[in-house]
Amino acid sequence: MTDFLVLALLAGLGVAIVSGPLGAFVVWRRLAYFGDTLAHSALLGIAAGLWLQVAPGPMVIVVCLLIALLLLALGRQQSLASDTLLGILSHSSLALGLVAMSLIPGARVNLEALLFGDLLAVTTTETIAIWLASGLVLALVYWLWTPLLAITVHEDLARVEGVRVGLVKTVQMLLLALVIAIGMKVVGVLLITSLLVIPAATARRFATRPEHMAIFGSLVGSVAVCLGIAASWWWDTPMGPTIVLASGLLFIAALTRRQRG
Amino acid sequence: MSNLVSVRNLYLSFAGRTVLEDVSLDLEAGQILTLIGPNGAGKTSLVRIILGLQKPDSGTLRFSHRLRVGYMPQKLHIDATLPLSVAGFLALADRDPQRGRDALERVEIPHLLNQPVTSLSGGETQRVLLARALLRQPELLVLDEPVQGVDITGQEALYRLITRIRNETGCAILMVSHDLHLVMAATDRVICLNRHVCCQGTPEIVSVDPAYTELFGVRTALYTHHHDHEHSLHGKVTTGSHSACGGHHHD
């Protein structure tokens, strides 16, 4: 096997492992559309990075986090249905990112890589960065598991029981922003949410406890990454979409099983 | 007796609509206080202010000390994608599984320990919520519509359970209810709320207060009738307040 395939596999697994627990929260809290909006705003982060001539990775995290906090604040107003609000922001931020990038003089951007991922081009440094970020996400999720779950189940009840809901929610947004920043490399901004939602939804059929759903989600995601990379190598198909397709097929296969709990 | 909670001159409005107007109340240690009033009377808002979940526009809120508060919310919406058992739900408040089992025992549903929460009936959900509130070993128990979604027989059983919990633990209870009649035997004091405090006192006094009958006149008559029917069926629910209540409404 060649080096770049090993790197691709390592990078893909680094993302798949965090997509389990994070994806579970996205599914439980019905944040799929929310995640999509954040992912689209990642393009804006890339544009900002190019504009300010700083590394795009950290800029993606910053912009995603800002958009997430903006959405949280707007969500409290509730003058618009939240899916309408997300629909407006999701597509506006995608369009704004594309326009902004075209306006930056001298910038040569591989748009396809941003939109659909470019796992074969991943470097050693990027792979290390992915594993560092995913380690941080896992550590935070492990540490904050109970409060994260408590606000998912009932926010007011958690608040009365002493959970600092605002802080925990902000950390959750930070985690999502981190996963989007590293997931971009693997499947691109348009497909990231699928990497969060599909493995978690697949894991649901086997899980009787929330912890199990998170762990099974990571396993399903990892299997999808392996299958996707192998299939894309074999049939010479684009790697990101093939990984997503593999996880979709795993989900369909899991449908044949009766759901537990 | 000392006041556990003192609320003075609360005002609250949402988007220009007055929700609470000059509301004051006191809650004594060990007392069961019930807020009744029609929909939109501000009962839940008042409870949320006392819980610190909502800031009033003006007014003061004083506690005798840092209270341990147990809260039983009106509803529990858990997404079906979340595989959570009753034990897991209780563990969110207290990780000790033994204390979780004890709490379920106290609300008389120990057999539901490993049931998924999404599969529970209305009455079972209310009891699980009550168990979680009890895990906090509360000095103040706040119950927002505790009998919601529970059938009439179940409602009486739940109110009896609530009274027993107060008698055993001595905690104060602040409860929201639609209906004075069923709650009557389970409460020491009633505050009738319709944005402002219409009247308050023991249930016997409130049930004949003109302000109360103006708000609830027709409904109470209906429920009284129903309740008489239940009396003859079970022949068991015979506290003084019940008969006093029934008598008054038949006048």
# chains A, B, ... in the order shown; residues from 1 in each chain; ligands from 1
>>> interface_residues(of="chain A", to="chain B", cutoff="10 Å", atoms="only C-alpha atoms", output="mmCIF file with N, CA and C atoms, in the first residue's frame")
data_model
loop_
_atom_site.group_PDB
_atom_site.id
_atom_site.type_symbol
_atom_site.label_atom_id
_atom_site.label_comp_id
_atom_site.auth_asym_id
_atom_site.auth_seq_id
_atom_site.Cartn_x
_atom_site.Cartn_y
_atom_site.Cartn_z
ATOM 1 N N ALA A 24 -24.065 11.568 17.463
ATOM 2 C CA ALA A 24 -25.173 11.161 18.328
ATOM 3 C C ALA A 24 -25.890 12.400 18.861
ATOM 4 N N PHE A 25 -25.138 13.392 19.319
ATOM 5 C CA PHE A 25 -25.780 14.608 19.831
ATOM 6 C C PHE A 25 -26.509 15.357 18.729
ATOM 7 N N VAL A 27 -27.984 14.033 16.201
ATOM 8 C CA VAL A 27 -29.230 13.316 15.959
ATOM 9 C C VAL A 27 -30.220 13.551 17.106
ATOM 10 N N TRP A 28 -29.758 13.393 18.341
ATOM 11 C CA TRP A 28 -30.659 13.548 19.495
ATOM 12 C C TRP A 28 -31.246 14.945 19.588
ATOM 13 N N ARG A 29 -30.419 15.951 19.300
ATOM 14 C CA ARG A 29 -30.887 17.328 19.446
ATOM 15 C C ARG A 29 -31.436 17.883 18.139
ATOM 16 N N ARG A 30 -31.532 17.028 17.131
ATOM 17 C CA ARG A 30 -32.038 17.442 15.818
ATOM 18 C C ARG A 30 -31.269 18.643 15.277
ATOM 19 N N TRP A 145 -19.682 14.577 29.452
ATOM 20 C CA TRP A 145 -20.745 13.685 28.973
ATOM 21 C C TRP A 145 -22.068 13.889 29.709
ATOM 22 N N THR A 146 -22.040 13.847 31.032
ATOM 23 C CA THR A 146 -23.295 13.947 31.792
ATOM 24 C C THR A 146 -24.012 15.284 31.568
ATOM 25 N N PRO A 147 -23.330 16.433 31.733
ATOM 26 C CA PRO A 147 -24.049 17.681 31.431
ATOM 27 C C PRO A 147 -24.510 17.787 29.980
ATOM 28 N N LEU A 148 -23.709 17.299 29.034
ATOM 29 C CA LEU A 148 -24.146 17.341 27.627
ATOM 30 C C LEU A 148 -25.430 16.541 27.448
ATOM 31 N N LEU A 149 -25.477 15.376 28.063
ATOM 32 C CA LEU A 149 -26.664 14.532 27.951
ATOM 33 C C LEU A 149 -27.833 15.167 28.709
ATOM 34 N N ALA A 150 -27.537 15.761 29.857
ATOM 35 C CA ALA A 150 -28.604 16.363 30.667
ATOM 36 C C ALA A 150 -29.294 17.496 29.912
ATOM 37 N N ILE A 151 -28.535 18.346 29.203
ATOM 38 C CA ILE A 151 -29.208 19.435 28.480
ATOM 39 C C ILE A 151 -29.922 18.909 27.237
ATOM 40 N N THR A 152 -29.491 17.768 26.723
ATOM 41 C CA THR A 152 -30.190 17.155 25.597
ATOM 42 C C THR A 152 -31.562 16.652 26.039
ATOM 43 N N VAL A 153 -31.610 16.090 27.250
ATOM 44 C CA VAL A 153 -32.841 15.482 27.753
ATOM 45 C C VAL A 153 -33.832 16.552 28.190
ATOM 46 N N HIS A 154 -33.389 17.518 28.981
ATOM 47 C CA HIS A 154 -34.285 18.594 29.416
ATOM 48 C C HIS A 154 -33.448 19.763 29.911
ATOM 49 N N ASP A 156 -34.191 22.924 30.977
ATOM 50 C CA ASP A 156 -34.574 23.624 32.210
ATOM 51 C C ASP A 156 -34.269 22.786 33.440
ATOM 52 N N LEU A 157 -34.568 21.503 33.328
ATOM 53 C CA LEU A 157 -34.318 20.599 34.447
ATOM 54 C C LEU A 157 -32.820 20.583 34.767
ATOM 55 N N ALA A 158 -32.003 20.520 33.726
ATOM 56 C CA ALA A 158 -30.549 20.534 33.918
ATOM 57 C C ALA A 158 -30.120 21.828 34.598
ATOM 58 N N ARG A 159 -30.719 22.941 34.178
ATOM 59 C CA ARG A 159 -30.347 24.234 34.749
ATOM 60 C C ARG A 159 -30.682 24.282 36.236
ATOM 61 N N VAL A 160 -31.877 23.795 36.594
ATOM 62 C CA VAL A 160 -32.265 23.786 38.006
ATOM 63 C C VAL A 160 -31.323 22.892 38.808
ATOM 64 N N GLU A 161 -30.831 21.824 38.172
ATOM 65 C CA GLU A 161 -29.929 20.918 38.876
ATOM 66 C C GLU A 161 -28.489 21.416 38.887
ATOM 67 N N GLY A 162 -28.284 22.624 38.389
ATOM 68 C CA GLY A 162 -26.970 23.248 38.538
ATOM 69 C C GLY A 162 -26.048 23.138 37.338
ATOM 70 N N ALA A 200 -24.322 7.695 13.289
ATOM 71 C CA ALA A 200 -25.093 7.749 14.536
ATOM 72 C C ALA A 200 -26.457 7.090 14.346
ATOM 73 N N ALA A 201 -27.104 7.399 13.228
ATOM 74 C CA ALA A 201 -28.422 6.800 12.967
ATOM 75 C C ALA A 201 -28.301 5.296 12.802
ATOM 76 N N ALA A 203 -25.996 3.441 14.269
ATOM 77 C CA ALA A 203 -25.682 2.909 15.592
ATOM 78 C C ALA A 203 -26.932 2.806 16.459
ATOM 79 N N ARG A 204 -27.912 3.677 16.217
ATOM 80 C CA ARG A 204 -29.130 3.688 17.023
ATOM 81 C C ARG A 204 -29.797 2.318 17.049
ATOM 82 N N ARG A 205 -29.704 1.598 15.936
ATOM 83 C CA ARG A 205 -30.406 0.321 15.842
ATOM 84 C C ARG A 205 -29.807 -0.746 16.746
ATOM 85 N N PHE A 206 -28.579 -0.526 17.188
ATOM 86 C CA PHE A 206 -27.931 -1.539 18.010
ATOM 87 C C PHE A 206 -27.803 -1.103 19.475
ATOM 88 N N ALA A 207 -28.091 0.174 19.736
ATOM 89 C CA ALA A 207 -27.753 0.723 21.053
ATOM 90 C C ALA A 207 -28.946 0.703 21.995
ATOM 91 N N THR A 208 -28.692 0.381 23.254
ATOM 92 C CA THR A 208 -29.728 0.506 24.279
ATOM 93 C C THR A 208 -29.330 1.544 25.318
ATOM 94 N N ARG A 209 -28.145 2.109 25.179
ATOM 95 C CA ARG A 209 -27.717 3.184 26.078
ATOM 96 C C ARG A 209 -27.071 4.278 25.246
ATOM 97 N N PRO A 210 -27.172 5.530 25.696
ATOM 98 C CA PRO A 210 -26.593 6.618 24.910
ATOM 99 C C PRO A 210 -25.084 6.440 24.670
ATOM 100 N N GLU A 211 -24.378 5.946 25.686
ATOM 101 C CA GLU A 211 -22.931 5.756 25.541
ATOM 102 C C GLU A 211 -22.640 4.769 24.411
ATOM 103 N N HIS A 212 -23.452 3.701 24.360
ATOM 104 C CA HIS A 212 -23.237 2.702 23.318
ATOM 105 C C HIS A 212 -23.461 3.283 21.938
ATOM 106 N N MET A 213 -24.468 4.136 21.836
ATOM 107 C CA MET A 213 -24.756 4.723 20.527
ATOM 108 C C MET A 213 -23.566 5.549 20.051
ATOM 109 N N ARG A 260 -33.389 -1.921 18.794
ATOM 110 C CA ARG A 260 -33.458 -2.270 20.205
ATOM 111 C C ARG A 260 -33.777 -1.022 21.027
ATOM 112 N N GLY A 261 -34.257 -1.252 22.259
ATOM 113 C CA GLY A 261 -34.479 -0.166 23.227
ATOM 114 C C GLY A 261 -35.213 0.999 22.664
#
>>> residues_around(residues="segment 83-90 of chain A", least_positions_apart="4", cutoff="8 Å", atoms="only C-alpha atoms", output="PDB file with N, CA and C atoms, in the first residue's frame")
ATOM      1  N   TYR A  33     -29.610  20.070  10.407  1.00  0.00           N
ATOM      2  CA  TYR A  33     -29.656  21.260   9.558  1.00  0.00           C
ATOM      3  C   TYR A  33     -28.713  22.331  10.110  1.00  0.00           C
ATOM      4  N   PHE A  34     -28.688  22.402  11.427  1.00  0.00           N
ATOM      5  CA  PHE A  34     -27.782  23.323  12.108  1.00  0.00           C
ATOM      6  C   PHE A  34     -26.333  23.012  11.719  1.00  0.00           C
ATOM      7  N   ASP A  36     -25.310  21.488   9.062  1.00  0.00           N
ATOM      8  CA  ASP A  36     -25.143  21.853   7.662  1.00  0.00           C
ATOM      9  C   ASP A  36     -24.804  23.328   7.519  1.00  0.00           C
ATOM     10  N   THR A  37     -25.537  24.152   8.268  1.00  0.00           N
ATOM     11  CA  THR A  37     -25.309  25.587   8.209  1.00  0.00           C
ATOM     12  C   THR A  37     -23.877  25.920   8.640  1.00  0.00           C
ATOM     13  N   LEU A  38     -23.446  25.290   9.728  1.00  0.00           N
ATOM     14  CA  LEU A  38     -22.079  25.527  10.201  1.00  0.00           C
ATOM     15  C   LEU A  38     -21.072  25.087   9.156  1.00  0.00           C
ATOM     16  N   HIS A  40     -21.416  24.873   5.960  1.00  0.00           N
ATOM     17  CA  HIS A  40     -21.382  25.801   4.837  1.00  0.00           C
ATOM     18  C   HIS A  40     -20.603  27.060   5.181  1.00  0.00           C
ATOM     19  N   SER A  41     -20.734  27.478   6.437  1.00  0.00           N
ATOM     20  CA  SER A  41     -20.030  28.699   6.820  1.00  0.00           C
ATOM     21  C   SER A  41     -18.522  28.469   6.905  1.00  0.00           C
ATOM     22  N   LEU A  94     -23.014  29.851   2.404  1.00  0.00           N
ATOM     23  CA  LEU A  94     -22.349  29.106   1.332  1.00  0.00           C
ATOM     24  C   LEU A  94     -22.073  30.037   0.153  1.00  0.00           C
TER      25      LEU A  94
END
>>> select_by_dssp(residues="segment 11-178 of chain B", states="alpha helix (DSSP H)", output="JSON, numbers by chain")
{"B": [43, 44, 45, 46, 47, 48, 49, 50, 51, 86, 87, 88, 89, 90, 91, 97, 98, 99, 100, 101, 102, 103, 104, 105, 106, 122, 123, 124, 125, 126, 127, 128, 129, 130, 131, 132, 133, 134, 152, 153, 154, 155, 156, 157, 158, 159, 160, 161, 162, 163, 164, 165, 166, 167, 168, 169]}
